file target-v2.cif (mmCIF, C-alpha atoms)
data_structure
loop_
_atom_site.label_atom_id
_atom_site.label_comp_id
_atom_site.auth_asym_id
_atom_site.auth_seq_id
_atom_site.Cartn_x
_atom_site.Cartn_y
_atom_site.Cartn_z
CA MET A 1 -35.28 48.05 36.22
CA ASN A 2 -36.54 51.18 34.48
CA THR A 3 -38.53 49.79 31.52
CA PRO A 4 -39.30 52.03 28.54
CA GLN A 5 -42.95 52.42 27.65
CA HIS A 6 -42.30 52.68 23.91
CA VAL A 7 -39.50 50.89 22.06
CA ALA A 8 -38.85 51.46 18.36
CA ILE A 9 -36.57 49.20 16.33
CA ILE A 10 -34.71 49.75 13.06
CA MET A 11 -34.47 46.15 11.86
CA ASP A 12 -31.23 46.23 9.88
CA GLY A 13 -29.04 43.49 8.48
CA ASN A 14 -31.23 40.94 6.71
CA GLY A 15 -29.31 41.20 3.45
CA ARG A 16 -25.89 41.01 5.09
CA TRP A 17 -27.00 38.03 7.17
CA ALA A 18 -27.86 36.17 3.98
CA GLN A 19 -24.74 37.26 2.11
CA GLN A 20 -22.49 36.07 4.95
CA ARG A 21 -24.02 32.62 4.44
CA GLY A 22 -23.85 32.64 0.67
CA GLN A 23 -27.63 32.85 0.40
CA ALA A 24 -30.03 35.12 -1.47
CA ARG A 25 -31.17 38.32 0.27
CA ALA A 26 -34.72 36.95 0.23
CA ILE A 27 -33.65 34.24 2.68
CA GLY A 28 -32.40 36.92 5.04
CA HIS A 29 -35.73 38.73 4.89
CA ARG A 30 -37.58 35.51 5.69
CA LYS A 31 -35.35 34.89 8.68
CA GLY A 32 -36.00 38.49 9.66
CA VAL A 33 -39.73 37.75 9.89
CA GLU A 34 -38.96 35.06 12.46
CA ALA A 35 -37.04 37.67 14.46
CA VAL A 36 -40.09 39.95 14.28
CA ARG A 37 -42.24 37.25 15.86
CA GLN A 38 -39.70 36.79 18.65
CA ALA A 39 -39.41 40.55 19.22
CA VAL A 40 -43.18 40.96 19.56
CA LYS A 41 -43.33 38.08 22.01
CA SER A 42 -40.39 39.42 24.03
CA ALA A 43 -41.86 42.92 24.15
CA GLY A 44 -45.05 41.62 25.71
CA GLU A 45 -43.17 39.53 28.25
CA LEU A 46 -40.79 42.36 29.15
CA GLY A 47 -43.53 44.86 29.91
CA ILE A 48 -43.23 47.05 26.81
CA ARG A 49 -46.49 48.86 26.05
CA TYR A 50 -45.71 50.13 22.53
CA LEU A 51 -43.41 48.49 19.98
CA THR A 52 -42.72 50.20 16.65
CA LEU A 53 -40.96 48.25 13.90
CA PHE A 54 -39.46 49.91 10.82
CA ALA A 55 -40.75 47.36 8.33
CA PHE A 56 -40.47 49.19 4.99
CA SER A 57 -39.25 52.72 4.41
CA SER A 58 -40.43 55.13 1.74
CA GLU A 59 -36.90 54.84 0.28
CA ASN A 60 -37.02 51.03 0.03
CA TRP A 61 -38.98 51.27 -3.23
CA ARG A 62 -35.59 52.03 -4.84
CA ARG A 63 -34.43 48.47 -4.21
CA PRO A 64 -34.50 45.88 -7.04
CA GLN A 65 -38.06 45.04 -8.01
CA ASP A 66 -37.64 41.34 -7.20
CA GLU A 67 -36.60 42.24 -3.64
CA VAL A 68 -39.52 44.67 -3.24
CA ASN A 69 -41.93 42.00 -4.46
CA ASP A 70 -40.49 39.50 -2.00
CA LEU A 71 -40.89 41.97 0.87
CA MET A 72 -44.53 42.58 -0.11
CA ASN A 73 -45.17 38.84 -0.17
CA LEU A 74 -43.56 38.44 3.25
CA LEU A 75 -45.85 41.13 4.62
CA LYS A 76 -48.87 39.27 3.27
CA ILE A 77 -47.64 35.99 4.74
CA PHE A 78 -46.94 37.59 8.13
CA VAL A 79 -50.36 39.18 8.41
CA ARG A 80 -52.24 36.10 7.21
CA ARG A 81 -50.25 33.72 9.39
CA ASP A 82 -49.82 35.80 12.52
CA LEU A 83 -52.83 38.12 12.71
CA ALA A 84 -55.09 35.61 14.45
CA GLU A 85 -52.44 34.86 17.08
CA LEU A 86 -51.74 38.55 17.64
CA HIS A 87 -55.45 39.07 18.17
CA ARG A 88 -55.60 36.20 20.67
CA GLU A 89 -52.67 37.71 22.54
CA ASN A 90 -54.56 41.03 22.84
CA VAL A 91 -52.08 42.85 20.58
CA ARG A 92 -53.32 45.92 18.74
CA VAL A 93 -51.84 46.49 15.29
CA ARG A 94 -51.36 50.05 14.07
CA VAL A 95 -49.82 51.08 10.76
CA ILE A 96 -47.97 54.34 10.12
CA GLY A 97 -46.71 55.65 6.79
CA ASP A 98 -48.08 57.03 3.54
CA ARG A 99 -50.95 54.88 2.34
CA ASN A 100 -51.81 56.85 -0.80
CA SER A 101 -49.40 54.96 -3.07
CA LEU A 102 -50.02 51.45 -1.72
CA LYS A 103 -51.58 48.80 -3.94
CA PRO A 104 -55.18 47.93 -3.01
CA ASP A 105 -54.37 44.40 -1.83
CA ILE A 106 -51.64 45.61 0.54
CA LEU A 107 -53.80 48.46 1.82
CA ALA A 108 -56.73 46.09 2.43
CA LEU A 109 -54.49 43.72 4.36
CA LEU A 110 -53.15 46.46 6.63
CA THR A 111 -56.63 47.87 7.18
CA GLU A 112 -57.94 44.42 8.10
CA ALA A 113 -55.20 44.00 10.70
CA GLU A 114 -56.02 47.37 12.26
CA GLU A 115 -59.77 46.84 12.30
CA LEU A 116 -59.62 43.32 13.75
CA THR A 117 -57.33 44.30 16.62
CA ARG A 118 -58.62 47.81 17.33
CA GLY A 119 -60.03 46.88 20.75
CA ASN A 120 -56.91 45.11 22.02
CA SER A 121 -54.84 46.63 24.80
CA ALA A 122 -51.94 44.42 25.96
CA LEU A 123 -49.39 45.71 23.43
CA ASP A 124 -49.59 48.18 20.57
CA LEU A 125 -47.57 46.87 17.62
CA ILE A 126 -46.92 49.82 15.33
CA ILE A 127 -45.75 48.82 11.86
CA ALA A 128 -43.94 51.58 9.99
CA PHE A 129 -44.71 50.70 6.38
CA ASN A 130 -43.90 52.97 3.44
CA TYR A 131 -42.75 55.29 6.19
CA GLY A 132 -40.22 58.13 6.18
CA GLY A 133 -39.72 60.66 8.94
CA ARG A 134 -39.41 63.62 6.61
CA ASP A 135 -42.47 62.50 4.67
CA ASP A 136 -44.40 62.18 7.94
CA ILE A 137 -43.53 65.78 8.87
CA THR A 138 -44.25 67.01 5.34
CA ARG A 139 -47.70 65.43 5.32
CA ALA A 140 -48.42 66.87 8.78
CA ALA A 141 -47.36 70.35 7.65
CA ARG A 142 -49.52 70.04 4.54
CA LEU A 143 -52.52 69.04 6.67
CA LEU A 144 -52.04 72.03 8.97
CA ALA A 145 -51.65 74.34 5.96
CA ILE A 146 -54.92 73.08 4.48
CA LYS A 147 -56.73 73.60 7.79
CA ALA A 148 -55.29 77.11 8.08
CA ALA A 149 -56.35 77.96 4.52
CA ARG A 150 -59.88 76.81 5.35
CA GLY A 151 -59.93 78.95 8.46
CA GLU A 152 -60.18 75.92 10.74
CA ILE A 153 -57.05 76.87 12.70
CA ASP A 154 -55.14 80.07 13.38
CA PRO A 155 -51.63 79.81 11.82
CA GLU A 156 -50.24 81.88 14.71
CA ARG A 157 -51.36 79.21 17.16
CA ILE A 158 -49.65 76.31 15.44
CA ASP A 159 -47.06 74.90 17.86
CA GLU A 160 -45.16 71.68 18.54
CA ASP A 161 -48.25 70.03 19.96
CA SER A 162 -50.25 70.91 16.86
CA LEU A 163 -47.66 69.33 14.59
CA SER A 164 -47.31 66.26 16.82
CA GLU A 165 -51.06 65.71 16.64
CA ALA A 166 -50.91 65.81 12.84
CA LEU A 167 -48.21 63.12 12.62
CA ASP A 168 -48.93 59.45 11.96
CA THR A 169 -48.04 58.67 15.59
CA SER A 170 -50.47 61.16 17.14
CA GLU A 171 -52.20 58.48 19.22
CA VAL A 172 -49.06 56.95 20.75
CA PRO A 173 -46.35 58.40 23.01
CA ASP A 174 -42.94 59.26 21.60
CA PRO A 175 -40.41 56.41 21.76
CA ASP A 176 -38.27 56.21 24.87
CA LEU A 177 -35.78 53.87 23.26
CA VAL A 178 -34.70 53.34 19.65
CA ILE A 179 -32.76 50.16 18.89
CA ARG A 180 -30.83 49.59 15.67
CA THR A 181 -29.23 46.28 14.79
CA SER A 182 -26.29 45.48 12.46
CA GLY A 183 -23.82 47.90 14.06
CA GLU A 184 -24.83 50.85 11.87
CA GLN A 185 -25.22 54.08 13.86
CA ARG A 186 -27.72 56.29 12.06
CA ILE A 187 -31.44 56.98 12.27
CA SER A 188 -32.21 56.50 8.54
CA ASN A 189 -35.16 58.90 8.42
CA PHE A 190 -37.04 56.97 11.13
CA LEU A 191 -39.27 58.87 13.59
CA ILE A 192 -37.01 61.91 13.35
CA TRP A 193 -39.49 64.21 15.11
CA GLN A 194 -40.71 61.69 17.65
CA ALA A 195 -37.25 60.44 18.65
CA ALA A 196 -35.94 63.89 19.60
CA TYR A 197 -35.38 62.77 23.21
CA ALA A 198 -35.20 59.02 22.77
CA GLU A 199 -32.26 56.99 23.99
CA PHE A 200 -30.43 55.09 21.23
CA VAL A 201 -28.87 51.65 21.51
CA PHE A 202 -26.87 50.28 18.57
CA LEU A 203 -26.37 46.53 18.65
CA PRO A 204 -23.80 44.64 16.55
CA CYS A 205 -26.07 41.68 15.79
CA LEU A 206 -27.79 41.43 12.41
CA TRP A 207 -31.58 41.52 12.61
CA PRO A 208 -32.24 37.80 11.89
CA ASP A 209 -30.08 36.99 14.94
CA PHE A 210 -31.90 39.43 17.25
CA ASP A 211 -33.39 37.52 20.17
CA ARG A 212 -34.61 37.98 23.73
CA THR A 213 -31.03 38.28 25.03
CA ASP A 214 -30.36 41.19 22.67
CA PHE A 215 -33.64 42.84 23.65
CA GLU A 216 -32.74 42.55 27.31
CA GLU A 217 -29.27 43.99 26.65
CA ALA A 218 -30.84 47.05 25.00
CA LEU A 219 -33.17 47.47 27.98
CA ARG A 220 -30.22 47.12 30.36
CA GLN A 221 -28.38 49.92 28.57
CA PHE A 222 -31.53 52.06 28.62
CA ALA A 223 -31.93 51.54 32.37
CA GLY A 224 -28.43 52.90 32.92
CA ARG A 225 -29.06 56.15 31.07
CA SER A 226 -29.93 59.48 32.71
CA ARG A 227 -32.85 61.00 30.79
CA ARG A 228 -32.80 64.79 31.21
CA PHE A 229 -34.99 66.11 28.37
CA GLY A 230 -32.84 69.23 28.16
CA ALA A 231 -32.73 69.82 31.93
CA VAL A 232 -29.94 69.15 34.42
CA ALA A 233 -29.97 66.02 36.53
CA GLU A 234 -30.32 66.49 40.28
CA GLN A 235 -26.97 64.86 40.97
CA ASP A 236 -25.27 67.32 38.60
CA LEU A 237 -26.89 70.22 40.39
CA ALA A 238 -25.62 68.85 43.69
CA LEU A 239 -22.09 68.67 42.26
CA GLY A 240 -22.31 72.15 40.77
CA SER A 241 -22.03 70.88 37.17
#
call {"tool": "encode", "arguments": {"input": "target-v2.cif", "output": "structure tokens"}}
result
Amino acid sequence: MNTPQHVAIIMDGNGRWAQQRGQARAIGHRKGVEAVRQAVKSAGELGIRYLTLFAFSSENWRRPQDEVNDLMNLLKIFVRRDLAELHRENVRVRVIGDRNSLKPDILALLTEAEELTRGNSALDLIIAFNYGGRDDITRAARLLAIKAARGEIDPERIDEDSLSEALDTSEVPDPDLVIRTSGEQRISNFLIWQAAYAEFVFLPCLWPDFDRTDFEEALRQFAGRSRRFGAVAEQDLALGS
């Protein structure tokens, strides 16, 4: 089967999962962390090289403060509980997103995870935290503008590669496959530059229910796609399409 090198996941549905069971949204987020653990394990076993998880968007700060606080605490618990195991499993943790507005304790935790696992090579786990696709592009454009103003680069030579190298994901390949759970069919400001030629799979399951079977179903759908990157497939040429 044709396995994608880089899979990105929009983990949607924690709140609805909890509401369907008459429970607080916080319970759904906690169950969602268990699904994260399973997804990381499955990715390694299925031969995925890069796994990006949309953990907290730059728009999520608009949620009720109690929910934001709970999400921050879950992040702390996940890193403290799982970092040692991720390191043992040779997983490298990378973090993308705007770090300028993060509280010192959160920033220190994310930095610790990156530094400890920097030399690992089995799987790159990319955590999109305080991340927004438009913000990513805006910060990249600002960086290029500053370099141009300083005379470090020629504005006329700025191209797609230049901008890609200024994005948070400059050191990893673009995603081949983007998965979204919960049945919603939108990108929600996630990797909007990088996912230009990604395949999308929308699954009906809510994120806390996402398991290996769902991961394999997404990979099965991916394997059946014809990836053309703007060109024409050979079989279409043969048919005169």
call {"tool": "residues_around", "arguments": {"input": "target-v2.cif", "residues": "stretch 189-191 of chain A", "least_positions_apart": "4", "cutoff": "8 Å", "atoms": "only C-alpha atoms", "output": "ChimeraX atom specification"}}
result
/A:10,54,131-134,195
call {"tool": "resolve_selection", "arguments": {"input": "target-v2.cif", "expression": "the PyMOL selection byres ((chain A and resi 175) around 8)", "output": "PDB file with C-alpha atoms, keeping the file's coordinate frame"}}
result
ATOM      1  CA  GLN A   5     -42.950  52.420  27.650  1.00  0.00           C
ATOM      2  CA  HIS A   6     -42.300  52.680  23.910  1.00  0.00           C
ATOM      3  CA  VAL A   7     -39.500  50.890  22.060  1.00  0.00           C
ATOM      4  CA  ALA A   8     -38.850  51.460  18.360  1.00  0.00           C
ATOM      5  CA  PRO A 173     -46.350  58.400  23.010  1.00  0.00           C
ATOM      6  CA  ASP A 174     -42.940  59.260  21.600  1.00  0.00           C
ATOM      7  CA  ASP A 176     -38.270  56.210  24.870  1.00  0.00           C
ATOM      8  CA  LEU A 177     -35.780  53.870  23.260  1.00  0.00           C
ATOM      9  CA  VAL A 178     -34.700  53.340  19.650  1.00  0.00           C
ATOM     10  CA  GLN A 194     -40.710  61.690  17.650  1.00  0.00           C
ATOM     11  CA  ALA A 195     -37.250  60.440  18.650  1.00  0.00           C
ATOM     12  CA  ALA A 198     -35.200  59.020  22.770  1.00  0.00           C
TER      13      ALA A 198
END
call {"tool": "closest_residue", "arguments": {"input": "target-v2.cif", "among": "A:Ala24, A:Ile192, A:Leu219, A:Pro155", "to": "A:Asp66", "atoms": "all atoms listed in the file"}}
result
A:Ala24
call {"tool": "residues_around", "arguments": {"input": "target-v2.cif", "residues": "stretch 160-164 of chain A", "least_positions_apart": "6", "cutoff": "8 Å", "atoms": "only C-alpha atoms", "output": "PDB file with C-alpha atoms, keeping the file's coordinate frame"}}
result
ATOM      1  CA  ILE A 137     -43.530  65.780   8.870  1.00  0.00           C
ATOM      2  CA  ALA A 140     -48.420  66.870   8.780  1.00  0.00           C
ATOM      3  CA  ALA A 141     -47.360  70.350   7.650  1.00  0.00           C
ATOM      4  CA  LEU A 144     -52.040  72.030   8.970  1.00  0.00           C
ATOM      5  CA  SER A 170     -50.470  61.160  17.140  1.00  0.00           C
TER       6      SER A 170
END
call {"tool": "closest_residue", "arguments": {"input": "target-v2.cif", "among": "A:Ile153, A:Ala218, A:Cys205, A:Ala122", "to": "A:Arg88", "atoms": "only C-alpha atoms"}}
result
A:Ala122
call {"tool": "closest_residue", "arguments": {"input": "target-v2.cif", "among": "A:Ile126, A:Asp159, A:Val79, A:Thr181", "to": "A:Pro208", "atoms": "all atoms listed in the file"}}
result
A:Thr181
call {"tool": "residues_near_point", "arguments": {"input": "target-v2.cif", "point": "(-36.2, 37.0, 10.5)", "cutoff": "12 Å", "atoms": "all atoms listed in the file", "output": "ChimeraX atom specification"}}
result
/A:11-15,17-18,25-39,55,71,74,78,206-211
call {"tool": "decode", "arguments": {"input": "target-v2.cif", "residues": "stretch 202-229 of chain A", "atoms": "N, CA and C atoms", "output": "PDB file, in the first residue's frame"}}
result
ATOM      1  N   PHE A 202     -12.017  12.911   5.439  1.00  0.00           N
ATOM      2  CA  PHE A 202     -12.895  13.362   6.518  1.00  0.00           C
ATOM      3  C   PHE A 202     -13.599  12.139   7.101  1.00  0.00           C
ATOM      4  N   LEU A 203     -13.363  11.893   8.362  1.00  0.00           N
ATOM      5  CA  LEU A 203     -13.932  10.723   9.021  1.00  0.00           C
ATOM      6  C   LEU A 203     -15.082  11.131   9.936  1.00  0.00           C
ATOM      7  N   PRO A 204     -16.115  10.314  10.036  1.00  0.00           N
ATOM      8  CA  PRO A 204     -17.280  10.667  10.860  1.00  0.00           C
ATOM      9  C   PRO A 204     -17.037  10.531  12.365  1.00  0.00           C
ATOM     10  N   CYS A 205     -16.045   9.761  12.773  1.00  0.00           N
ATOM     11  CA  CYS A 205     -15.836   9.514  14.198  1.00  0.00           C
ATOM     12  C   CYS A 205     -15.375  10.787  14.910  1.00  0.00           C
ATOM     13  N   LEU A 206     -15.777  10.939  16.161  1.00  0.00           N
ATOM     14  CA  LEU A 206     -15.283  12.026  16.991  1.00  0.00           C
ATOM     15  C   LEU A 206     -13.891  11.669  17.487  1.00  0.00           C
ATOM     16  N   TRP A 207     -13.047  12.686  17.734  1.00  0.00           N
ATOM     17  CA  TRP A 207     -11.644  12.414  18.011  1.00  0.00           C
ATOM     18  C   TRP A 207     -11.407  11.423  19.158  1.00  0.00           C
ATOM     19  N   PRO A 208     -12.107  11.497  20.284  1.00  0.00           N
ATOM     20  CA  PRO A 208     -11.824  10.519  21.350  1.00  0.00           C
ATOM     21  C   PRO A 208     -12.027   9.070  20.932  1.00  0.00           C
ATOM     22  N   ASP A 209     -12.807   8.844  19.876  1.00  0.00           N
ATOM     23  CA  ASP A 209     -13.059   7.480  19.388  1.00  0.00           C
ATOM     24  C   ASP A 209     -12.078   7.056  18.298  1.00  0.00           C
ATOM     25  N   PHE A 210     -11.216   7.967  17.856  1.00  0.00           N
ATOM     26  CA  PHE A 210     -10.272   7.660  16.778  1.00  0.00           C
ATOM     27  C   PHE A 210      -9.291   6.591  17.244  1.00  0.00           C
ATOM     28  N   ASP A 211      -9.184   5.505  16.468  1.00  0.00           N
ATOM     29  CA  ASP A 211      -8.287   4.424  16.851  1.00  0.00           C
ATOM     30  C   ASP A 211      -7.523   3.919  15.628  1.00  0.00           C
ATOM     31  N   ARG A 212      -6.819   2.825  15.799  1.00  0.00           N
ATOM     32  CA  ARG A 212      -5.990   2.281  14.719  1.00  0.00           C
ATOM     33  C   ARG A 212      -6.831   1.950  13.482  1.00  0.00           C
ATOM     34  N   THR A 213      -8.044   1.437  13.704  1.00  0.00           N
ATOM     35  CA  THR A 213      -8.913   1.096  12.574  1.00  0.00           C
ATOM     36  C   THR A 213      -9.230   2.333  11.747  1.00  0.00           C
ATOM     37  N   ASP A 214      -9.507   3.445  12.413  1.00  0.00           N
ATOM     38  CA  ASP A 214      -9.801   4.687  11.703  1.00  0.00           C
ATOM     39  C   ASP A 214      -8.564   5.191  10.960  1.00  0.00           C
ATOM     40  N   PHE A 215      -7.408   5.076  11.597  1.00  0.00           N
ATOM     41  CA  PHE A 215      -6.158   5.486  10.951  1.00  0.00           C
ATOM     42  C   PHE A 215      -5.940   4.665   9.681  1.00  0.00           C
ATOM     43  N   GLU A 216      -6.136   3.368   9.785  1.00  0.00           N
ATOM     44  CA  GLU A 216      -5.942   2.502   8.631  1.00  0.00           C
ATOM     45  C   GLU A 216      -6.948   2.802   7.523  1.00  0.00           C
ATOM     46  N   GLU A 217      -8.176   3.166   7.896  1.00  0.00           N
ATOM     47  CA  GLU A 217      -9.182   3.522   6.892  1.00  0.00           C
ATOM     48  C   GLU A 217      -8.755   4.779   6.133  1.00  0.00           C
ATOM     49  N   ALA A 218      -8.208   5.765   6.845  1.00  0.00           N
ATOM     50  CA  ALA A 218      -7.730   6.977   6.184  1.00  0.00           C
ATOM     51  C   ALA A 218      -6.585   6.651   5.229  1.00  0.00           C
ATOM     52  N   LEU A 219      -5.689   5.765   5.655  1.00  0.00           N
ATOM     53  CA  LEU A 219      -4.571   5.375   4.792  1.00  0.00           C
ATOM     54  C   LEU A 219      -5.067   4.589   3.582  1.00  0.00           C
ATOM     55  N   ARG A 220      -6.103   3.787   3.778  1.00  0.00           N
ATOM     56  CA  ARG A 220      -6.672   3.033   2.656  1.00  0.00           C
ATOM     57  C   ARG A 220      -7.247   3.990   1.611  1.00  0.00           C
ATOM     58  N   GLN A 221      -7.959   5.015   2.075  1.00  0.00           N
ATOM     59  CA  GLN A 221      -8.507   5.993   1.142  1.00  0.00           C
ATOM     60  C   GLN A 221      -7.385   6.740   0.426  1.00  0.00           C
ATOM     61  N   PHE A 222      -6.344   7.091   1.158  1.00  0.00           N
ATOM     62  CA  PHE A 222      -5.201   7.784   0.558  1.00  0.00           C
ATOM     63  C   PHE A 222      -4.583   6.931  -0.545  1.00  0.00           C
ATOM     64  N   ALA A 223      -4.421   5.640  -0.273  1.00  0.00           N
ATOM     65  CA  ALA A 223      -3.768   4.749  -1.230  1.00  0.00           C
ATOM     66  C   ALA A 223      -4.558   4.649  -2.531  1.00  0.00           C
ATOM     67  N   GLY A 224      -5.856   4.913  -2.472  1.00  0.00           N
ATOM     68  CA  GLY A 224      -6.678   4.823  -3.669  1.00  0.00           C
ATOM     69  C   GLY A 224      -6.749   6.107  -4.477  1.00  0.00           C
ATOM     70  N   ARG A 225      -6.100   7.159  -3.983  1.00  0.00           N
ATOM     71  CA  ARG A 225      -6.134   8.439  -4.683  1.00  0.00           C
ATOM     72  C   ARG A 225      -5.043   8.508  -5.758  1.00  0.00           C
ATOM     73  N   SER A 226      -5.303   9.306  -6.794  1.00  0.00           N
ATOM     74  CA  SER A 226      -4.299   9.583  -7.822  1.00  0.00           C
ATOM     75  C   SER A 226      -3.760  10.976  -7.586  1.00  0.00           C
ATOM     76  N   ARG A 227      -2.506  11.075  -7.165  1.00  0.00           N
ATOM     77  CA  ARG A 227      -1.898  12.365  -6.825  1.00  0.00           C
ATOM     78  C   ARG A 227      -1.209  12.928  -8.069  1.00  0.00           C
ATOM     79  N   ARG A 228      -1.688  14.068  -8.560  1.00  0.00           N
ATOM     80  CA  ARG A 228      -1.220  14.599  -9.840  1.00  0.00           C
ATOM     81  C   ARG A 228      -0.403  15.880  -9.703  1.00  0.00           C
ATOM     82  N   PHE A 229      -0.559  16.589  -8.597  1.00  0.00           N
ATOM     83  CA  PHE A 229       0.187  17.834  -8.362  1.00  0.00           C
ATOM     84  C   PHE A 229       0.055  18.806  -9.544  1.00  0.00           C
TER      85      PHE A 229
END
